[in-house]
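So this block is entry_33.pdb, PDB, C-alpha atoms:
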MODEL        1
ATOM      1  CA  MET A  26      18.852 183.173  26.689  1.00  0.00           C
ATOM      2  CA  SER A  27      20.759 181.340  23.925  1.00  0.00           C
ATOM      3  CA  TYR A  28      18.293 182.735  21.363  1.00  0.00           C
ATOM      4  CA  HIS A  29      19.501 186.277  22.049  1.00  0.00           C
ATOM      5  CA  LEU A  30      23.132 185.175  22.130  1.00  0.00           C
ATOM      6  CA  ASN A  31      22.797 183.955  18.545  1.00  0.00           C
ATOM      7  CA  TYR A  32      21.768 187.431  17.429  1.00  0.00           C
ATOM      8  CA  LEU A  33      24.483 189.005  19.556  1.00  0.00           C
ATOM      9  CA  PHE A  34      27.069 186.789  17.871  1.00  0.00           C
ATOM     10  CA  LEU A  35      25.630 187.717  14.466  1.00  0.00           C
ATOM     11  CA  GLY A  36      25.769 191.434  15.336  1.00  0.00           C
ATOM     12  CA  VAL A  37      29.379 191.210  16.532  1.00  0.00           C
ATOM     13  CA  PHE A  38      30.315 189.299  13.395  1.00  0.00           C
ATOM     14  CA  PHE A  39      28.629 191.931  11.181  1.00  0.00           C
ATOM     15  CA  VAL A  40      30.364 194.810  12.961  1.00  0.00           C
ATOM     16  CA  GLY A  41      33.703 193.011  12.651  1.00  0.00           C
ATOM     17  CA  ALA A  42      33.112 192.257   8.968  1.00  0.00           C
ATOM     18  CA  CYS A  43      32.466 195.950   8.328  1.00  0.00           C
ATOM     19  CA  ALA A  44      35.256 197.249  10.573  1.00  0.00           C
ATOM     20  CA  VAL A  45      38.166 195.145   9.289  1.00  0.00           C
ATOM     21  CA  PRO A  46      38.165 196.451   5.680  1.00  0.00           C
ATOM     22  CA  VAL A  47      37.488 200.025   6.802  1.00  0.00           C
ATOM     23  CA  LEU A  48      40.372 199.900   9.273  1.00  0.00           C
ATOM     24  CA  ALA A  49      42.704 198.284   6.730  1.00  0.00           C
ATOM     25  CA  LEU A  50      41.939 200.879   4.055  1.00  0.00           C
ATOM     26  CA  GLY A  51      42.203 203.736   6.567  1.00  0.00           C
ATOM     27  CA  LEU A  52      45.542 202.485   7.856  1.00  0.00           C
ATOM     28  CA  ALA A  53      46.864 202.109   4.313  1.00  0.00           C
ATOM     29  CA  ARG A  54      45.779 205.655   3.505  1.00  0.00           C
ATOM     30  CA  LEU A  55      47.563 206.981   6.583  1.00  0.00           C
ATOM     31  CA  ILE A  56      50.912 205.252   6.091  1.00  0.00           C
ATOM     32  CA  ALA A  57      51.142 205.163   2.270  1.00  0.00           C
ATOM     33  CA  PRO A  58      53.835 207.415   0.781  1.00  0.00           C
ATOM     34  CA  ARG A  59      52.566 210.283  -1.342  1.00  0.00           C
ATOM     35  CA  LYS A  60      55.174 211.531  -3.797  1.00  0.00           C
ATOM     36  CA  PRO A  61      53.453 211.950  -7.157  1.00  0.00           C
ATOM     37  CA  GLY A  62      55.776 212.661 -10.024  1.00  0.00           C
ATOM     38  CA  LYS A  63      55.792 212.625 -13.791  1.00  0.00           C
ATOM     39  CA  GLU A  64      56.770 208.959 -13.941  1.00  0.00           C
ATOM     40  CA  LYS A  65      54.212 207.826 -11.363  1.00  0.00           C
ATOM     41  CA  LEU A  66      51.354 209.684 -13.022  1.00  0.00           C
ATOM     42  CA  SER A  67      52.122 208.448 -16.539  1.00  0.00           C
ATOM     43  CA  SER A  68      50.529 205.403 -18.125  1.00  0.00           C
ATOM     44  CA  TYR A  69      52.734 202.335 -18.195  1.00  0.00           C
ATOM     45  CA  GLU A  70      52.097 199.389 -20.437  1.00  0.00           C
ATOM     46  CA  CYS A  71      54.602 196.667 -21.297  1.00  0.00           C
ATOM     47  CA  GLY A  72      57.584 198.954 -20.780  1.00  0.00           C
ATOM     48  CA  VAL A  73      56.729 201.026 -23.860  1.00  0.00           C
ATOM     49  CA  GLU A  74      55.570 204.604 -23.867  1.00  0.00           C
ATOM     50  CA  THR A  75      51.918 204.880 -24.744  1.00  0.00           C
ATOM     51  CA  SER A  76      50.861 206.401 -28.022  1.00  0.00           C
ATOM     52  CA  GLY A  77      47.471 207.344 -29.338  1.00  0.00           C
ATOM     53  CA  ASP A  78      44.134 207.564 -27.634  1.00  0.00           C
ATOM     54  CA  ALA A  79      43.214 205.092 -24.908  1.00  0.00           C
ATOM     55  CA  TRP A  80      39.540 205.139 -25.918  1.00  0.00           C
ATOM     56  CA  VAL A  81      39.423 202.561 -28.684  1.00  0.00           C
ATOM     57  CA  GLN A  82      36.063 201.212 -29.726  1.00  0.00           C
ATOM     58  CA  PHE A  83      35.695 197.465 -30.116  1.00  0.00           C
ATOM     59  CA  ARG A  84      33.068 195.729 -32.143  1.00  0.00           C
ATOM     60  CA  VAL A  85      30.005 194.611 -30.211  1.00  0.00           C
ATOM     61  CA  GLN A  86      30.474 191.130 -31.661  1.00  0.00           C
ATOM     62  CA  TYR A  87      33.471 190.533 -29.371  1.00  0.00           C
ATOM     63  CA  TYR A  88      31.342 191.210 -26.301  1.00  0.00           C
ATOM     64  CA  LEU A  89      28.524 188.996 -27.560  1.00  0.00           C
ATOM     65  CA  PHE A  90      30.983 186.191 -28.191  1.00  0.00           C
ATOM     66  CA  ALA A  91      32.333 186.544 -24.657  1.00  0.00           C
ATOM     67  CA  ILE A  92      28.829 186.514 -23.172  1.00  0.00           C
ATOM     68  CA  LEU A  93      27.987 183.357 -25.109  1.00  0.00           C
ATOM     69  CA  PHE A  94      31.159 181.743 -23.808  1.00  0.00           C
ATOM     70  CA  VAL A  95      30.202 182.579 -20.228  1.00  0.00           C
ATOM     71  CA  VAL A  96      26.655 181.260 -20.713  1.00  0.00           C
ATOM     72  CA  PHE A  97      27.826 177.916 -22.035  1.00  0.00           C
ATOM     73  CA  ASP A  98      30.583 177.708 -19.435  1.00  0.00           C
ATOM     74  CA  VAL A  99      27.978 178.123 -16.692  1.00  0.00           C
ATOM     75  CA  GLU A 100      25.875 175.490 -18.453  1.00  0.00           C
ATOM     76  CA  ALA A 101      28.737 173.032 -18.088  1.00  0.00           C
ATOM     77  CA  LEU A 102      28.966 173.889 -14.399  1.00  0.00           C
ATOM     78  CA  PHE A 103      25.269 173.054 -13.990  1.00  0.00           C
ATOM     79  CA  LEU A 104      25.627 169.768 -15.843  1.00  0.00           C
ATOM     80  CA  PHE A 105      28.283 168.255 -13.560  1.00  0.00           C
ATOM     81  CA  PRO A 106      26.307 168.271 -10.278  1.00  0.00           C
ATOM     82  CA  TRP A 107      23.182 167.197 -12.138  1.00  0.00           C
ATOM     83  CA  ALA A 108      25.040 164.214 -13.590  1.00  0.00           C
ATOM     84  CA  VAL A 109      26.238 163.196 -10.127  1.00  0.00           C
ATOM     85  CA  VAL A 110      22.698 163.006  -8.675  1.00  0.00           C
ATOM     86  CA  PHE A 111      20.962 161.946 -11.893  1.00  0.00           C
ATOM     87  CA  ARG A 112      19.698 158.601 -10.554  1.00  0.00           C
ATOM     88  CA  GLU A 113      18.180 160.131  -7.411  1.00  0.00           C
ATOM     89  CA  MET A 114      16.327 162.869  -9.318  1.00  0.00           C
ATOM     90  CA  GLY A 115      14.419 160.533 -11.591  1.00  0.00           C
ATOM     91  CA  MET A 116      12.306 161.707 -14.515  1.00  0.00           C
ATOM     92  CA  ALA A 117      11.608 165.115 -12.949  1.00  0.00           C
ATOM     93  CA  GLY A 118      15.330 165.906 -12.966  1.00  0.00           C
ATOM     94  CA  LEU A 119      15.653 164.666 -16.522  1.00  0.00           C
ATOM     95  CA  ALA A 120      12.734 166.837 -17.652  1.00  0.00           C
ATOM     96  CA  ALA A 121      14.118 169.906 -15.870  1.00  0.00           C
ATOM     97  CA  MET A 122      17.530 169.472 -17.490  1.00  0.00           C
ATOM     98  CA  ALA A 123      15.922 168.858 -20.891  1.00  0.00           C
ATOM     99  CA  ILE A 124      14.046 172.162 -20.569  1.00  0.00           C
ATOM    100  CA  PHE A 125      17.248 173.933 -19.467  1.00  0.00           C
ATOM    101  CA  LEU A 126      19.258 172.540 -22.377  1.00  0.00           C
ATOM    102  CA  GLY A 127      16.395 173.271 -24.796  1.00  0.00           C
ATOM    103  CA  ILE A 128      16.336 176.937 -23.797  1.00  0.00           C
ATOM    104  CA  LEU A 129      20.114 177.149 -24.226  1.00  0.00           C
ATOM    105  CA  ALA A 130      19.886 175.412 -27.616  1.00  0.00           C
ATOM    106  CA  LEU A 131      17.288 177.947 -28.750  1.00  0.00           C
ATOM    107  CA  GLY A 132      19.590 180.764 -27.607  1.00  0.00           C
ATOM    108  CA  LEU A 133      22.504 179.247 -29.503  1.00  0.00           C
ATOM    109  CA  ALA A 134      20.378 178.832 -32.643  1.00  0.00           C
ATOM    110  CA  TYR A 135      19.278 182.463 -32.394  1.00  0.00           C
ATOM    111  CA  ALA A 136      22.877 183.674 -31.943  1.00  0.00           C
ATOM    112  CA  TRP A 137      23.968 181.554 -34.895  1.00  0.00           C
ATOM    113  CA  GLN A 138      21.150 182.943 -37.048  1.00  0.00           C
ATOM    114  CA  GLU A 139      22.078 186.512 -36.132  1.00  0.00           C
ATOM    115  CA  GLY A 140      25.706 185.896 -37.130  1.00  0.00           C
ATOM    116  CA  VAL A 141      27.208 186.378 -33.675  1.00  0.00           C
ATOM    117  CA  LEU A 142      29.435 183.338 -34.070  1.00  0.00           C
ATOM    118  CA  GLU A 143      30.993 184.542 -37.341  1.00  0.00           C
ATOM    119  CA  TRP A 144      34.427 186.019 -36.769  1.00  0.00           C
ATOM    120  CA  ASP A 145      35.154 188.506 -39.565  1.00  0.00           C
TER
ENDMDL
END
Let me see the file written as structure tokens.
Amino acid sequence: MSYHLNYLFLGVFFVGACAVPVLALGLARLIAPRKPGKEKLSSYECGVETSGDAWVQFRVQYYLFAILFVVFDVEALFLFPWAVVFREMGMAGLAAMAIFLGILALGLAYAWQEGVLEWD
């Protein structure tokens, strides 16, 4: 009997998890004031009227730099837990981390060779 109760609990939890955001968004849509005007529909940025086109193209190098930052930031996040359990993992853990860092070093060398890290 308890086996089926586990699935019943899971089903109730799933229905609740789906219903709460739907009800909250529906309630907000019902009670939100709707008075669009010129000021509400205009773009607002830093208290200054906007000028020019909003579609400005950025160099791809900025995006590549940001992606590299995220990759090496995640690398640091992987290094901390590994360092905590380093002694328990033994040589297998050391080899796995060496492979991981080697792949990232190759990626960094490739990005450096392609000139991604140069900020012109």
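When all atoms listed in the file are used to measure the gap to Gly140 (chain A), the shortest distance among A:Ser67, A:Gln86, A:Asn31, A:Ser76 belongs to A:Gln86.
Straight-line separation from CA of Ala136 (chain A) to CA of Leu93 (chain A): 8.5 Å.
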Pairwise distance for CA of Ala91 (chain A) and CA of Val141 (chain A), rounded to one decimal in Å: 10.4 Å
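Each of A:Ala101, A:Leu89, A:Leu33, A:Ile124 was checked against Trp137 (chain A) using all atoms listed in the file; the smallest atom-to-atom distance is that of A:Leu89.
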Specify the axis-aligned box that encloses all atoms of region 88-107 of chain A listed in the file after padding of 5 Å on each side, stating its centre and edge lengths in Å to one decimal as lines of an AutoDock Vina configuration file.
center_x = 27.8
center_y = 179.2
center_z = -19.2
size_x = 19.2
size_y = 34.0
size_z = 27.9
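Minimum atom-to-atom distance to Glu139 (chain A), evaluated using only C-alpha atoms, belongs to A:Phe90 out of A:Phe90, A:Leu52, A:Asp98, A:Lys63.
Our summary of the geometry notes that CA of Phe94 (chain A) is positioned 14.2 Å from CA of Ala134 (chain A).
Excluding Ala123 (chain A) itself and any same-chain residue fewer than 6 positions from it, the protein and nucleic acid residues within 12 Å of it, counting all atoms listed in the file, are Leu104, Trp107, Met116, Ala117, Leu129 and Ala130 of chain A.
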Non-local contacts of Phe103 (chain A) (12 Å; all atoms listed in the file; under 5 positions in same chain excluded) as a ChimeraX atom specification: /A:96-98,108-110,121-122,125-126
